[in-house]
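Colleague: Submitted below is the structure of interest, expressed as structure tokens.
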Amino acid sequence: MSNRPLIGVTGPNRGGFTAWVMTALAIRRAGGRPVRIRTARLFPEDQLHGVVIGGGTDVDPLHYGEEPIPEEGRDARSSALDWLVGLLLSLFRIVFARHEPENYDPERDQLEQHMIRHALYHDLPVLGICRGAQLLNVTLGGSLHQRIDHFYAEGSSNVRSILPRKQVTLAQGSRLHRVLGSDLAMVNALHEQCVRDTGDGVIVSAVEQPSGVIQGIEKLGSTFVVGVQWHPEYLPQHSSQQALFRALVASAAGAD
């Protein structure tokens with residue numbers, strides 16, 4: 001057990017329990033040891049072999065030089081197994097739901113940006129999930145779309161579901177393409193923001209079809225620095241999605 005790489009998983013102080021459990025399970029299945037990190041419960045970053053920056057509240061737009069946009073109204077088929085897993089996870093999320101800050105979490109932003117910079121400096125593998133992908137891009141000098149409704153044609157909307165109901169195309173030659181082993185992937189979605197301008201050394205490796213929303217990014221020249229807008233931790237029934245955690249752990253173990 002002690003030889004398993006130690007993977008830090010960030011999250012909010014309140015809420016996020018289901019995401020933590022599912023992420024920890026995926027990391028353990030991949031051969032790693034997960035440790036939960038929050039502003040209320042820190043962990044020495046120099047003991048980590050890899051990092052998962054988890055989902056949650058929106059990234060404060062002040063980090064990329066913008067003011068918050070005022071709140072407004074927000075707006076594929078899946079297999080029977082997808083529906084069953086999705087129903088169980090939805091119930092689990094409801095049971096363990098906790099109130100999070102309504103808009104932003106500056107202390108969490110600060111902690112996670114510190115962890116991202118530490119990981120980049122020491123060439124530790126990083127997987128950013130949803131908010132984590134957005135914060136990874138912002139930390140590297142990129143920006144976000146605070147709202148993404150304009151990406152969708154009239155009569156359609158941004159589907160938000162833990163079921164894999166969105167199709168993304170994967171860039172040939174990208175790490176995501178190699179890890180998922182396909183040109184296309186069906187993914188879930190809980191986000192209301194997305195990457196706009198990419199940060200330094202960041203490339204787009206997955207794009208939603210037909211909307212054009214950026215769904216995956218990665219940093220060139222790094223061992224493993226990947227961000228995905230979707231939630232692979234909520235897709236334990238899909239081996240290709242769990243491959244993201246296997247690649248992260250393998251990289252952390254020095255095997256990638």
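Identifiers in this document derive from the order of the structure tokens: chains are assigned A, B, ..., residues are numbered from 1 separately in each chain, and ligands are numbered from 1 in order of occurrence.
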Could you please write out, as an MDAnalysis selection string, every residue of range 23-240 of chain A that DSSP assigns to helix (DSSP H, G or I)?

Modeller: chainID A and resid 23:29 45:47 61:64 80:95 106:121 131:139 149:151 175:180 232:234 239:240

Colleague: Taking only range 16-254 of chain A into account, list the residues labelled strand (DSSP E or B) by DSSP (computed from the backbone), as a ChimeraX atom specification.

Modeller: /A:33-38,41,50-53,126-129,144-145,161-170,184-189,194-195,202-209,214-219,225-228

Colleague: May I have the residues from that selection written out with C-alpha atoms, as a compact mmCIF listing (two decimals), in the first residue's frame?

Modeller:
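This went into result_7.txt:
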# COMPACT_ATOMS: atom_id res chain seq x y z
CA ARG A 33 -3.81 6.52 -2.56
CA PRO A 34 -6.21 9.48 -2.45
CA VAL A 35 -6.07 12.18 0.23
CA ARG A 36 -8.78 14.82 0.59
CA ILE A 37 -7.53 18.42 0.74
CA ARG A 38 -9.58 21.49 1.67
CA ARG A 41 -7.88 20.50 6.20
CA GLY A 50 -0.04 13.96 -8.12
CA VAL A 51 -3.04 16.27 -7.84
CA VAL A 52 -6.72 16.27 -8.82
CA ILE A 53 -8.31 19.72 -8.77
CA VAL A 126 -2.42 17.23 -12.58
CA LEU A 127 -5.99 16.37 -13.54
CA GLY A 128 -8.43 19.27 -13.45
CA ILE A 129 -12.12 18.35 -13.36
CA LEU A 144 -13.17 31.85 -19.22
CA HIS A 145 -16.62 32.40 -20.66
CA SER A 161 -26.53 15.90 -16.29
CA ILE A 162 -24.25 13.28 -14.74
CA LEU A 163 -25.37 11.01 -17.59
CA PRO A 164 -23.05 10.94 -20.65
CA ARG A 165 -25.24 13.04 -22.94
CA LYS A 166 -22.71 15.25 -24.73
CA GLN A 167 -20.42 14.26 -27.57
CA VAL A 168 -16.89 15.61 -27.79
CA THR A 169 -14.25 15.24 -30.48
CA LEU A 170 -10.69 14.58 -29.35
CA LEU A 184 -15.14 10.70 -30.07
CA ALA A 185 -16.40 10.40 -26.50
CA MET A 186 -19.75 10.72 -24.79
CA VAL A 187 -19.41 12.74 -21.60
CA ASN A 188 -21.55 14.22 -18.85
CA ALA A 189 -21.78 17.90 -17.93
CA CYS A 194 -15.91 27.10 -20.06
CA VAL A 195 -12.44 28.00 -21.31
CA VAL A 202 -2.18 25.16 -23.13
CA ILE A 203 -3.80 23.47 -26.13
CA VAL A 204 -7.42 22.49 -26.75
CA SER A 205 -7.74 18.71 -26.87
CA ALA A 206 -11.52 18.17 -26.74
CA VAL A 207 -14.41 20.17 -28.21
CA GLU A 208 -18.14 19.61 -27.75
CA GLN A 209 -20.16 19.00 -30.90
CA ILE A 214 -14.03 23.65 -25.21
CA GLN A 215 -14.29 20.47 -23.16
CA GLY A 216 -10.67 19.42 -22.72
CA ILE A 217 -7.28 21.11 -22.40
CA GLU A 218 -3.71 20.03 -21.69
CA LYS A 219 -0.35 21.67 -21.19
CA VAL A 225 -1.38 18.17 -17.06
CA VAL A 226 -4.92 17.64 -18.33
CA GLY A 227 -8.21 19.43 -17.71
CA VAL A 228 -11.68 18.13 -18.63

Colleague: I want to know what sits within 12 Å of Pro125 in chain A, based on only C-alpha atoms, with residues of the same chain fewer than 4 positions away left out; could you give that as a ChimeraX atom specification?

Modeller: /A:5-8,48-53,115-121,218-219,221-227,244-256

Colleague: Let's have the selection written as a PDB file, in the first residue's frame, with C-alpha atoms.

Modeller:
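Below is the file that was written, again11.pdb:
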ATOM      1  CA  PRO A   5       1.479   7.112  -5.290  1.00  0.00           C
ATOM      2  CA  LEU A   6      -0.261   9.656  -3.074  1.00  0.00           C
ATOM      3  CA  ILE A   7      -2.793  11.778  -4.985  1.00  0.00           C
ATOM      4  CA  GLY A   8      -4.217  14.955  -3.442  1.00  0.00           C
ATOM      5  CA  LEU A  48       2.090  14.391  -2.944  1.00  0.00           C
ATOM      6  CA  HIS A  49       2.895  12.538  -6.152  1.00  0.00           C
ATOM      7  CA  GLY A  50      -0.036  13.958  -8.119  1.00  0.00           C
ATOM      8  CA  VAL A  51      -3.043  16.272  -7.836  1.00  0.00           C
ATOM      9  CA  VAL A  52      -6.719  16.266  -8.822  1.00  0.00           C
ATOM     10  CA  ILE A  53      -8.306  19.725  -8.771  1.00  0.00           C
ATOM     11  CA  MET A 115      -1.154  23.552  -5.567  1.00  0.00           C
ATOM     12  CA  ILE A 116      -1.266  23.883  -9.364  1.00  0.00           C
ATOM     13  CA  ARG A 117       1.851  26.063  -9.379  1.00  0.00           C
ATOM     14  CA  HIS A 118       3.624  23.656  -7.021  1.00  0.00           C
ATOM     15  CA  ALA A 119       2.728  20.697  -9.245  1.00  0.00           C
ATOM     16  CA  LEU A 120       3.849  22.493 -12.408  1.00  0.00           C
ATOM     17  CA  TYR A 121       7.139  23.532 -10.826  1.00  0.00           C
ATOM     18  CA  GLU A 218      -3.714  20.034 -21.692  1.00  0.00           C
ATOM     19  CA  LYS A 219      -0.353  21.673 -21.189  1.00  0.00           C
ATOM     20  CA  GLY A 221       5.852  19.995 -22.262  1.00  0.00           C
ATOM     21  CA  SER A 222       4.541  18.539 -18.997  1.00  0.00           C
ATOM     22  CA  THR A 223       4.413  14.965 -17.787  1.00  0.00           C
ATOM     23  CA  PHE A 224       0.617  14.943 -17.359  1.00  0.00           C
ATOM     24  CA  VAL A 225      -1.377  18.168 -17.062  1.00  0.00           C
ATOM     25  CA  VAL A 226      -4.922  17.643 -18.327  1.00  0.00           C
ATOM     26  CA  GLY A 227      -8.210  19.425 -17.709  1.00  0.00           C
ATOM     27  CA  LEU A 244      -7.930   9.198 -17.065  1.00  0.00           C
ATOM     28  CA  PHE A 245      -7.290   8.207 -13.450  1.00  0.00           C
ATOM     29  CA  ARG A 246      -5.123   5.262 -14.496  1.00  0.00           C
ATOM     30  CA  ALA A 247      -2.987   7.586 -16.620  1.00  0.00           C
ATOM     31  CA  LEU A 248      -2.731  10.085 -13.757  1.00  0.00           C
ATOM     32  CA  VAL A 249      -1.652   7.434 -11.248  1.00  0.00           C
ATOM     33  CA  ALA A 250       0.758   5.814 -13.721  1.00  0.00           C
ATOM     34  CA  SER A 251       2.347   9.197 -14.340  1.00  0.00           C
ATOM     35  CA  ALA A 252       2.568   9.828 -10.597  1.00  0.00           C
ATOM     36  CA  ALA A 253       4.307   6.480 -10.185  1.00  0.00           C
ATOM     37  CA  GLY A 254       6.787   7.425 -12.875  1.00  0.00           C
ATOM     38  CA  ALA A 255       5.486   4.774 -15.234  1.00  0.00           C
ATOM     39  CA  ASP A 256       4.075   7.097 -17.936  1.00  0.00           C
TER      40      ASP A 256
END

Colleague: Counting only C-alpha atoms, figure out which residue out of A:Gln193, A:Gln172, A:Ser157, A:Ser240 gets nearest to Ser211 in chain A.

Modeller: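 Closest to Ser211 in chain A, using only C-alpha atoms: A:Ser157.
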
Colleague: To one decimal in Å, tell me the separation between CA of Gly55 in chain A and CA of Ser156 in chain A.

Modeller: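 Result for CA of Gly55 in chain A versus CA of Ser156 in chain A: 24.6 Å, one decimal.
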
Colleague: Given only C-alpha atoms as the basis, pick out the residue of A:Leu111, A:Gly32, A:Trp230, A:His191 nearest to Asn158 in chain A.

Modeller: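 Among the listed residues, the smallest separation from Asn158 in chain A belongs to A:His191.
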
Colleague: Would you work out the distance separating CA of Tyr234 in chain A from CA of Ala26 in chain A, expressed in Å to one decimal?

Modeller: 9.4 Å

Colleague: Nearest to Arg4 in chain A among A:Val213, A:Asn137, A:Gly16, A:Gly31, with distances taken over only C-alpha atoms: which residue is it?

Modeller: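 Selected residue with least distance to Arg4 in chain A: A:Gly31.
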